[in-house]
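As provided, structure-v7.pdb (PDB, C-alpha atoms) reads as follows.
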ATOM      1  CA  MET A   1     100.012  77.734 146.190
ATOM      2  CA  PRO A   2      97.570  76.763 143.363
ATOM      3  CA  PRO A   3      96.578  80.395 142.476
ATOM      4  CA  ARG A   4     100.256  81.389 142.216
ATOM      5  CA  ALA A   5     100.908  78.460 139.837
ATOM      6  CA  GLN A   6      98.002  79.591 137.655
ATOM      7  CA  ARG A   7      99.381  83.101 137.451
ATOM      8  CA  ALA A   8     102.780  81.719 136.440
ATOM      9  CA  ASP A   9     101.106  79.500 133.825
ATOM     10  CA  ALA A  10      99.109  82.459 132.563
ATOM     11  CA  ARG A  11     102.268  84.576 132.249
ATOM     12  CA  ARG A  12     104.021  81.785 130.351
ATOM     13  CA  ASN A  13     101.000  81.352 128.077
ATOM     14  CA  ILE A  14     100.802  85.067 127.357
ATOM     15  CA  ALA A  15     104.536  85.220 126.578
ATOM     16  CA  ALA A  16     104.260  82.158 124.309
ATOM     17  CA  ILE A  17     101.223  83.610 122.531
ATOM     18  CA  LEU A  18     102.917  86.984 121.976
ATOM     19  CA  ASP A  19     106.131  85.328 120.761
ATOM     20  CA  ALA A  20     104.192  83.109 118.355
ATOM     21  CA  ALA A  21     101.932  85.926 117.188
ATOM     22  CA  THR A  22     104.937  88.176 116.516
ATOM     23  CA  ASP A  23     106.652  85.470 114.480
ATOM     24  CA  CYS A  24     103.485  84.446 112.648
ATOM     25  CA  LEU A  25     102.282  87.962 111.825
ATOM     26  CA  ALA A  26     105.780  89.007 110.733
ATOM     27  CA  ARG A  27     105.582  86.228 108.129
ATOM     28  CA  ASP A  28     101.908  86.674 107.193
ATOM     29  CA  PRO A  29      99.687  89.532 108.415
ATOM     30  CA  GLU A  30      96.635  87.355 107.702
ATOM     31  CA  MET A  31      97.807  84.445 109.884
ATOM     32  CA  SER A  32      94.809  82.816 111.530
ATOM     33  CA  ILE A  33      94.205  82.731 115.267
ATOM     34  CA  ALA A  34      94.181  78.927 115.080
ATOM     35  CA  ASP A  35      97.659  78.926 113.502
ATOM     36  CA  ILE A  36      98.966  81.407 116.075
ATOM     37  CA  ALA A  37      97.556  79.332 118.938
ATOM     38  CA  ALA A  38      99.118  76.173 117.490
ATOM     39  CA  ALA A  39     102.487  77.913 117.111
ATOM     40  CA  ALA A  40     102.225  79.031 120.749
ATOM     41  CA  GLY A  41     101.408  75.518 121.895
ATOM     42  CA  VAL A  42      98.042  76.539 123.309
ATOM     43  CA  GLY A  43      94.447  76.054 122.253
ATOM     44  CA  ARG A  44      92.280  78.767 120.758
ATOM     45  CA  ILE A  45      90.244  78.873 123.967
ATOM     46  CA  THR A  46      93.396  79.642 125.965
ATOM     47  CA  LEU A  47      94.426  82.309 123.466
ATOM     48  CA  TYR A  48      90.973  83.909 123.598
ATOM     49  CA  GLY A  49      91.115  83.705 127.396
ATOM     50  CA  HIS A  50      93.971  86.207 127.296
ATOM     51  CA  PHE A  51      93.096  88.169 124.146
ATOM     52  CA  LYS A  52      89.347  88.537 123.604
ATOM     53  CA  THR A  53      89.614  89.429 119.923
ATOM     54  CA  ARG A  54      92.121  89.269 117.092
ATOM     55  CA  ALA A  55      92.379  93.060 117.351
ATOM     56  CA  ASP A  56      93.383  92.752 121.027
ATOM     57  CA  LEU A  57      96.132  90.295 120.095
ATOM     58  CA  VAL A  58      97.380  92.408 117.192
ATOM     59  CA  ASP A  59      97.380  95.477 119.462
ATOM     60  CA  ALA A  60      99.491  93.656 122.067
ATOM     61  CA  VAL A  61     101.928  92.476 119.378
ATOM     62  CA  LEU A  62     102.205  95.995 117.951
ATOM     63  CA  VAL A  63     102.835  97.532 121.380
ATOM     64  CA  ARG A  64     105.476  94.929 122.197
ATOM     65  CA  THR A  65     107.166  95.324 118.798
ATOM     66  CA  VAL A  66     107.280  99.122 119.026
ATOM     67  CA  GLU A  67     108.613  98.957 122.600
ATOM     68  CA  ARG A  68     111.417  96.660 121.444
ATOM     69  CA  ALA A  69     112.094  98.909 118.442
ATOM     70  CA  ASP A  70     112.260 101.926 120.730
ATOM     71  CA  ALA A  71     114.858 100.176 122.894
ATOM     72  CA  ILE A  72     116.933  99.428 119.776
ATOM     73  CA  LEU A  73     116.603 103.025 118.571
ATOM     74  CA  ASP A  74     117.931 104.233 121.931
ATOM     75  CA  ALA A  75     121.334 103.061 120.708
ATOM     76  CA  THR A  76     121.166 105.292 117.609
ATOM     77  CA  ASP A  77     123.406 108.339 117.894
ATOM     78  CA  THR A  78     121.309 111.450 117.301
ATOM     79  CA  SER A  79     123.974 113.912 118.395
ATOM     80  CA  GLY A  80     126.088 116.129 116.204
ATOM     81  CA  ASP A  81     124.993 117.506 112.853
ATOM     82  CA  PRO A  82     121.173 117.200 112.696
ATOM     83  CA  ALA A  83     121.165 116.153 109.013
ATOM     84  CA  ASP A  84     123.639 113.349 109.723
ATOM     85  CA  ALA A  85     121.697 112.356 112.844
ATOM     86  CA  LEU A  86     118.506 112.244 110.772
ATOM     87  CA  ALA A  87     120.179 109.908 108.283
ATOM     88  CA  ARG A  88     121.313 107.595 111.102
ATOM     89  CA  LEU A  89     117.878 107.592 112.741
ATOM     90  CA  VAL A  90     116.119 106.921 109.437
ATOM     91  CA  ALA A  91     118.509 104.050 108.621
ATOM     92  CA  SER A  92     117.942 102.434 112.038
ATOM     93  CA  SER A  93     114.193 103.030 111.898
ATOM     94  CA  TRP A  94     113.895 101.697 108.363
ATOM     95  CA  ARG A  95     115.536  98.395 109.261
ATOM     96  CA  LEU A  96     112.916  97.915 111.976
ATOM     97  CA  VAL A  97     109.962  99.117 109.901
ATOM     98  CA  HIS A  98     110.981  96.844 107.042
ATOM     99  CA  GLN A  99     111.579  93.857 109.319
ATOM    100  CA  PHE A 100     108.180  94.217 110.969
ATOM    101  CA  ARG A 101     106.172  95.680 108.086
ATOM    102  CA  ASN A 102     103.729  92.755 108.127
ATOM    103  CA  ILE A 103     102.924  93.449 111.768
ATOM    104  CA  LEU A 104     102.116  97.006 110.737
ATOM    105  CA  LEU A 105      99.919  95.647 107.922
ATOM    106  CA  ALA A 106      98.087  93.409 110.414
ATOM    107  CA  ALA A 107      97.622  96.406 112.709
ATOM    108  CA  GLN A 108      96.306  98.572 109.871
ATOM    109  CA  ARG A 109      93.679  95.909 109.152
ATOM    110  CA  GLU A 110      92.610  95.525 112.790
ATOM    111  CA  LEU A 111      93.205  98.812 114.593
ATOM    112  CA  PRO A 112      92.203 102.449 114.149
ATOM    113  CA  ALA A 113      94.892 104.670 112.630
ATOM    114  CA  GLU A 114      94.977 106.833 115.763
ATOM    115  CA  ARG A 115      95.769 103.810 117.918
ATOM    116  CA  ILE A 116      98.653 102.818 115.644
ATOM    117  CA  ARG A 117      99.992 106.376 115.714
ATOM    118  CA  GLY A 118      99.582 106.541 119.493
ATOM    119  CA  VAL A 119     101.633 103.376 119.985
ATOM    120  CA  HIS A 120     104.463 105.146 118.144
ATOM    121  CA  ASP A 121     104.431 108.169 120.507
ATOM    122  CA  ARG A 122     107.764 107.435 122.182
ATOM    123  CA  ILE A 123     109.510 106.883 118.878
ATOM    124  CA  LEU A 124     107.921 110.036 117.480
ATOM    125  CA  ARG A 125     109.124 112.027 120.499
ATOM    126  CA  ARG A 126     112.665 110.969 119.534
ATOM    127  CA  MET A 127     112.052 112.453 116.072
ATOM    128  CA  GLN A 128     110.575 115.584 117.632
ATOM    129  CA  SER A 129     113.696 116.042 119.721
ATOM    130  CA  LEU A 130     115.867 115.704 116.619
ATOM    131  CA  ILE A 131     113.704 118.193 114.712
ATOM    132  CA  GLU A 132     113.979 120.672 117.613
ATOM    133  CA  GLN A 133     117.757 120.201 117.601
ATOM    134  CA  GLY A 134     117.834 120.833 113.839
ATOM    135  CA  GLN A 135     115.649 123.904 114.112
ATOM    136  CA  ARG A 136     117.840 125.390 116.840
ATOM    137  CA  ALA A 137     120.906 124.785 114.665
ATOM    138  CA  GLY A 138     119.196 126.318 111.617
ATOM    139  CA  THR A 139     119.509 123.014 109.731
ATOM    140  CA  PHE A 140     115.756 122.337 109.664
ATOM    141  CA  ARG A 141     113.038 124.765 108.726
ATOM    142  CA  ARG A 142     111.095 126.692 111.341
ATOM    143  CA  ASP A 143     108.305 127.961 109.118
ATOM    144  CA  MET A 144     106.282 124.743 109.485
ATOM    145  CA  PRO A 145     104.890 123.272 112.694
ATOM    146  CA  GLN A 146     107.066 120.576 114.259
ATOM    147  CA  GLN A 147     104.050 118.285 114.376
ATOM    148  CA  TRP A 148     103.754 118.505 110.592
ATOM    149  CA  LEU A 149     107.398 117.539 110.144
ATOM    150  CA  ILE A 150     106.860 114.586 112.500
ATOM    151  CA  THR A 151     103.735 113.548 110.590
ATOM    152  CA  THR A 152     105.682 113.797 107.330
ATOM    153  CA  THR A 153     108.368 111.483 108.726
ATOM    154  CA  TYR A 154     105.873 108.960 110.099
ATOM    155  CA  SER A 155     103.792 108.933 106.914
ATOM    156  CA  LEU A 156     106.787 108.658 104.595
ATOM    157  CA  MET A 157     108.289 105.768 106.574
ATOM    158  CA  HIS A 158     105.025 103.827 106.473
ATOM    159  CA  ALA A 159     104.424 104.655 102.799
ATOM    160  CA  ALA A 160     107.881 103.273 102.026
ATOM    161  CA  ALA A 161     106.992 100.074 103.912
ATOM    162  CA  GLU A 162     103.825  99.701 101.828
ATOM    163  CA  ASP A 163     105.723 100.307  98.586
ATOM    164  CA  ALA A 164     108.451  97.833  99.567
ATOM    165  CA  ALA A 165     105.824  95.212 100.428
ATOM    166  CA  ALA A 166     104.106  95.787  97.075
ATOM    167  CA  GLY A 167     107.401  95.540  95.163
ATOM    168  CA  ARG A 168     107.326  99.189  94.042
ATOM    169  CA  LEU A 169     110.421 100.079  96.068
ATOM    170  CA  ASP A 170     113.648  98.182  96.628
ATOM    171  CA  ALA A 171     113.928  97.884 100.409
ATOM    172  CA  ASP A 172     117.713  98.335 100.182
ATOM    173  CA  ASP A 173     117.209 101.798  98.665
ATOM    174  CA  ALA A 174     114.461 102.939 101.019
ATOM    175  CA  ALA A 175     116.509 104.492 103.848
ATOM    176  CA  ASP A 176     118.474 106.688 101.434
ATOM    177  CA  LEU A 177     115.304 107.725  99.589
ATOM    178  CA  ILE A 178     113.483 108.497 102.839
ATOM    179  CA  THR A 179     116.430 110.535 104.124
ATOM    180  CA  ALA A 180     116.764 112.485 100.858
ATOM    181  CA  THR A 181     113.031 113.228 100.818
ATOM    182  CA  LEU A 182     112.989 114.345 104.456
ATOM    183  CA  LEU A 183     116.066 116.525 104.039
ATOM    184  CA  ALA A 184     114.464 118.157 101.005
ATOM    185  CA  ALA A 185     111.332 118.797 103.063
ATOM    186  CA  PHE A 186     113.157 119.890 106.224
ATOM    187  CA  THR A 187     115.853 122.130 104.744
ATOM    188  CA  PRO A 188     114.964 125.805 105.065
ATOM    189  CA  ASP A 189     114.708 128.056 102.036
ATOM    190  CA  GLN A 190     117.746 130.254 101.504
ATOM    191  CA  GLY A 191     115.803 133.336 102.629
ATOM    192  CA  GLU A 192     114.703 131.777 105.936
TER     193      GLU A 192
END
Since I need it in another form, could you write the structure as structure tokens?
Amino acid sequence: MPPRAQRADARRNIAAILDAATDCLARDPEMSIADIAAAAGVGRITLYGHFKTRADLVDAVLVRTVERADAILDATDTSGDPADALARLVASSWRLVHQFRNILLAAQRELPAERIRGVHDRILRRMQSLIEQGQRAGTFRRDMPQQWLITTTYSLMHAAAEDAAAGRLDADDAADLITATLLAAFTPDQGE
């Protein structure tokens, strides 16, 4: 009986820490571990018992956030005209990227770029599927590797988040600008 209670306590502590860390880092990517622990209602020792480093905690928050974003993006209609589907997917994605941009900033400060990109794999596969659909329909260019078009999308979305955070881009305009830029990049030349 006692070991089972500890596991339940540990699960509750982990959930509370991740909830608090998500909220805290979404407000301030520099939020201290002490402040996150206090918001979770646990001590720093308890927090470090579950997450050995700040990077481990930020990684867990990023994974959880991207998993939740992926579930939300599942509801985005990517059928029909590929250009219209791209606009819908960008609009849905932008809302999430903008909402959680500070978590991305925290991750960029703590984690290698390849890890951040890897966490996005499922979301990027959704974009790959849309690009394939657009290439089959002749809406998107075929003279560039799909991976490059995916990288362009990923990079542009994150660049827009940085510009919005720095005040160089109005967040309300970002989805339309991202879509216009991607369509300009993805649309085949007339001779193709």
Which residues fall under the PyMOL selection byres ((chain A and resi 139) around 10) in this file, as a list in words?
Asp81, Pro82, Ala83, Ile131, Glu132, Gln133, Gly134, Gln135, Arg136, Ala137, Gly138, Phe140, Arg141, Arg142, Leu183, Phe186, Thr187 and Pro188 of chain A
Considering only C-alpha atoms, state which residue in the set A:Ile150, A:Leu169, A:Val97, A:Ala55 is at the smallest distance from A:Asp121.
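That would be A:Ile150, the residue with the smallest distance to A:Asp121.
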Neighbours of A:Pro29 within 6 Å (all atoms listed in the file; same-chain residues fewer than 2 positions away dropped), as a ChimeraX atom specification?
/A:25,31,102,106
Which residue gives the smallest distance to A:Arg27 among A:Ile103, A:Val58, A:Val119, A:Ala166, with only C-alpha atoms counted?
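Result for the nearest residue to A:Arg27: A:Ile103.
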Nearest-residue call for A:Thr151, choices A:Asp176, A:Ala165, A:Ala185, A:Asp70, using only C-alpha atoms
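Once distances to A:Thr151 are computed over only C-alpha atoms, the minimum belongs to A:Ala185.
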Would you compute the distance between atom CA of A:Met157 and atom CA of A:Trp94? Give it in Å to one decimal.
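Here the two named atoms are 7.2 Å from each other.
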Centre and edge lengths of an axis-aligned box around all listed atoms of stretch 136-152 of chain A, with 3 Å added on each side, are to be given in Å to one decimal, as AutoDock Vina command-line options.
--center_x 112.3 --center_y 120.8 --center_z 112.1 --size_x 23.2 --size_y 20.4 --size_z 15.5
Find the distance between atom CA of A:Pro112 and atom CA of A:Glu67 and write it in Å to one decimal.
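Distance between the two atoms: 18.8 Å.
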Expressed in Å to a single decimal, how great is the separation between atom CA of A:Gln128 and atom CA of A:Leu149?
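According to the coordinates, atom CA of A:Gln128 and atom CA of A:Leu149 are separated by 8.4 Å.
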Pull the closest atom pair for each residue of stretch 165-192 of chain A that gets at most 9 Å from stretch 85-89 of chain A, along with the distance in Å to one decimal, counting all atoms listed in the file, ordering rows by chain and then ascending residue number, as CSV.
residue,atom,partner,partner_atom,distance
A:Ala175,CA,A:Ala87,CA,7.9
A:Asp176,CA,A:Ala87,CA,7.8
A:Ile178,CA,A:Ala87,CA,8.7
A:Thr179,CA,A:Ala87,CA,5.6
A:Ala180,CA,A:Ala87,CA,8.6
A:Leu182,CA,A:Leu86,CA,8.6
A:Leu183,CA,A:Leu86,CA,8.3
For the residues in the current selection, export C-alpha atoms as a compact mmCIF listing (two decimals), in the frame of the given file.
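Written out: out-v4.txt:
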# COMPACT_ATOMS: atom_id res chain seq x y z
CA ALA A 175 116.51 104.49 103.85
CA ASP A 176 118.47 106.69 101.43
CA ILE A 178 113.48 108.50 102.84
CA THR A 179 116.43 110.54 104.12
CA ALA A 180 116.76 112.48 100.86
CA LEU A 182 112.99 114.34 104.46
CA LEU A 183 116.07 116.52 104.04
Taking into account only C-alpha atoms, which residue in the set A:Leu73, A:Ala60, A:Cys24, A:Ala37 is nearest to A:Arg125?
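Nearest to A:Arg125: A:Leu73.
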For A:Ile33: contacts at 10 Å, only C-alpha atoms, fewer than 4 positions along chain excluded, given as a PyMOL selection string:
chain A and resi 21+24+37-39+43-44+47-48+53-54+57
Residues in the PyMOL selection byres ((chain A and resi 123) around 12), expressed as an MDAnalysis selection string
chainID A and resid 63 65:74 76 89:90 92:93 96:97 117:122 124:130 150 153:154
Which residues, written as a compact mmCIF listing (two decimals) with C-alpha atoms, in the coordinates of the input, have at least one atom at most 8 Å from A:His98, with all atoms listed in the file counted and residues fewer than 2 positions away on the same chain left out?
# COMPACT_ATOMS: atom_id res chain seq x y z
CA TRP A 94 113.90 101.70 108.36
CA ARG A 95 115.54 98.40 109.26
CA LEU A 96 112.92 97.92 111.98
CA PHE A 100 108.18 94.22 110.97
CA ARG A 101 106.17 95.68 108.09
CA ALA A 161 106.99 100.07 103.91
CA ALA A 164 108.45 97.83 99.57
CA ALA A 171 113.93 97.88 100.41
Tell me which of A:Leu62, A:Ala26, A:Ile17, A:Ala160 sits closest to A:Ala40, counting all atoms listed in the file.
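Among A:Leu62, A:Ala26, A:Ile17, A:Ala160, it is A:Ile17 that comes nearest to A:Ala40.
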When you count all atoms listed in the file, which of these residues is closest to A:Asn13: A:Gly80, A:Leu105, A:Ala75, A:Ile45?
A:Ile45
Would you mind completing stretch 50-74 of chain A to N, CA, C and O atoms and writing the output as a short mmCIF file (atom, residue, chain, number, x, y, z; two decimals), in the frame of the given file?
data_model
loop_
_atom_site.label_atom_id
_atom_site.label_comp_id
_atom_site.auth_asym_id
_atom_site.auth_seq_id
_atom_site.Cartn_x
_atom_site.Cartn_y
_atom_site.Cartn_z
N HIS A 50 93.05 85.09 127.03
CA HIS A 50 93.97 86.21 127.30
C HIS A 50 93.75 87.40 126.37
O HIS A 50 93.99 88.54 126.76
N PHE A 51 93.33 87.12 125.14
CA PHE A 51 93.10 88.17 124.15
C PHE A 51 91.71 87.93 123.57
O PHE A 51 91.50 86.99 122.81
N LYS A 52 90.76 88.77 123.94
CA LYS A 52 89.35 88.54 123.60
C LYS A 52 89.06 88.55 122.11
O LYS A 52 88.16 87.88 121.64
N THR A 53 89.84 89.33 121.36
CA THR A 53 89.61 89.43 119.92
C THR A 53 90.96 89.40 119.20
O THR A 53 92.02 89.60 119.82
N ARG A 54 90.90 89.20 117.90
CA ARG A 54 92.12 89.27 117.09
C ARG A 54 92.74 90.67 117.21
O ARG A 54 93.96 90.81 117.29
N ALA A 55 91.88 91.69 117.22
CA ALA A 55 92.38 93.06 117.35
C ALA A 55 93.15 93.24 118.66
O ALA A 55 94.19 93.92 118.68
N ASP A 56 92.67 92.65 119.75
CA ASP A 56 93.38 92.75 121.03
C ASP A 56 94.77 92.12 120.92
O ASP A 56 95.74 92.66 121.44
N LEU A 57 94.84 90.98 120.26
CA LEU A 57 96.13 90.30 120.10
C LEU A 57 97.07 91.11 119.21
O LEU A 57 98.24 91.31 119.55
N VAL A 58 96.56 91.60 118.10
CA VAL A 58 97.38 92.41 117.19
C VAL A 58 97.86 93.67 117.91
O VAL A 58 99.02 94.08 117.76
N ASP A 59 97.00 94.29 118.70
CA ASP A 59 97.38 95.48 119.46
C ASP A 59 98.53 95.15 120.41
O ASP A 59 99.53 95.90 120.48
N ALA A 60 98.43 94.04 121.13
CA ALA A 60 99.49 93.66 122.07
C ALA A 60 100.80 93.38 121.33
O ALA A 60 101.88 93.75 121.82
N VAL A 61 100.73 92.75 120.17
CA VAL A 61 101.93 92.48 119.38
C VAL A 61 102.54 93.79 118.89
O VAL A 61 103.75 93.99 118.95
N LEU A 62 101.70 94.70 118.42
CA LEU A 62 102.20 96.00 117.95
C LEU A 62 102.89 96.76 119.08
O LEU A 62 104.00 97.28 118.91
N VAL A 63 102.25 96.82 120.24
CA VAL A 63 102.84 97.53 121.38
C VAL A 63 104.18 96.93 121.75
O VAL A 63 105.18 97.64 121.92
N ARG A 64 104.24 95.63 121.84
CA ARG A 64 105.48 94.93 122.20
C ARG A 64 106.57 95.18 121.14
O ARG A 64 107.73 95.43 121.49
N THR A 65 106.20 95.12 119.88
CA THR A 65 107.17 95.32 118.80
C THR A 65 107.72 96.75 118.82
O THR A 65 108.92 96.96 118.69
N VAL A 66 106.84 97.72 119.00
CA VAL A 66 107.28 99.12 119.03
C VAL A 66 108.13 99.39 120.26
O VAL A 66 109.12 100.13 120.18
N GLU A 67 107.79 98.79 121.40
CA GLU A 67 108.61 98.96 122.60
C GLU A 67 110.02 98.40 122.37
O GLU A 67 111.01 99.02 122.75
N ARG A 68 110.10 97.24 121.74
CA ARG A 68 111.42 96.66 121.44
C ARG A 68 112.17 97.52 120.43
O ARG A 68 113.38 97.71 120.54
N ALA A 69 111.46 98.03 119.43
CA ALA A 69 112.09 98.91 118.44
C ALA A 69 112.62 100.17 119.11
O ALA A 69 113.73 100.63 118.81
N ASP A 70 111.84 100.72 120.03
CA ASP A 70 112.26 101.93 120.73
C ASP A 70 113.55 101.67 121.52
O ASP A 70 114.45 102.51 121.52
N ALA A 71 113.64 100.52 122.15
CA ALA A 71 114.86 100.18 122.89
C ALA A 71 116.06 100.08 121.95
O ALA A 71 117.16 100.52 122.28
N ILE A 72 115.85 99.52 120.77
CA ILE A 72 116.93 99.43 119.78
C ILE A 72 117.32 100.82 119.29
O ILE A 72 118.50 101.15 119.14
N LEU A 73 116.33 101.67 119.06
CA LEU A 73 116.60 103.02 118.57
C LEU A 73 117.31 103.88 119.61
O LEU A 73 117.98 104.86 119.25
N ASP A 74 117.19 103.51 120.89
CA ASP A 74 117.93 104.23 121.93
C ASP A 74 119.43 104.21 121.67
O ASP A 74 120.14 105.12 122.09
#
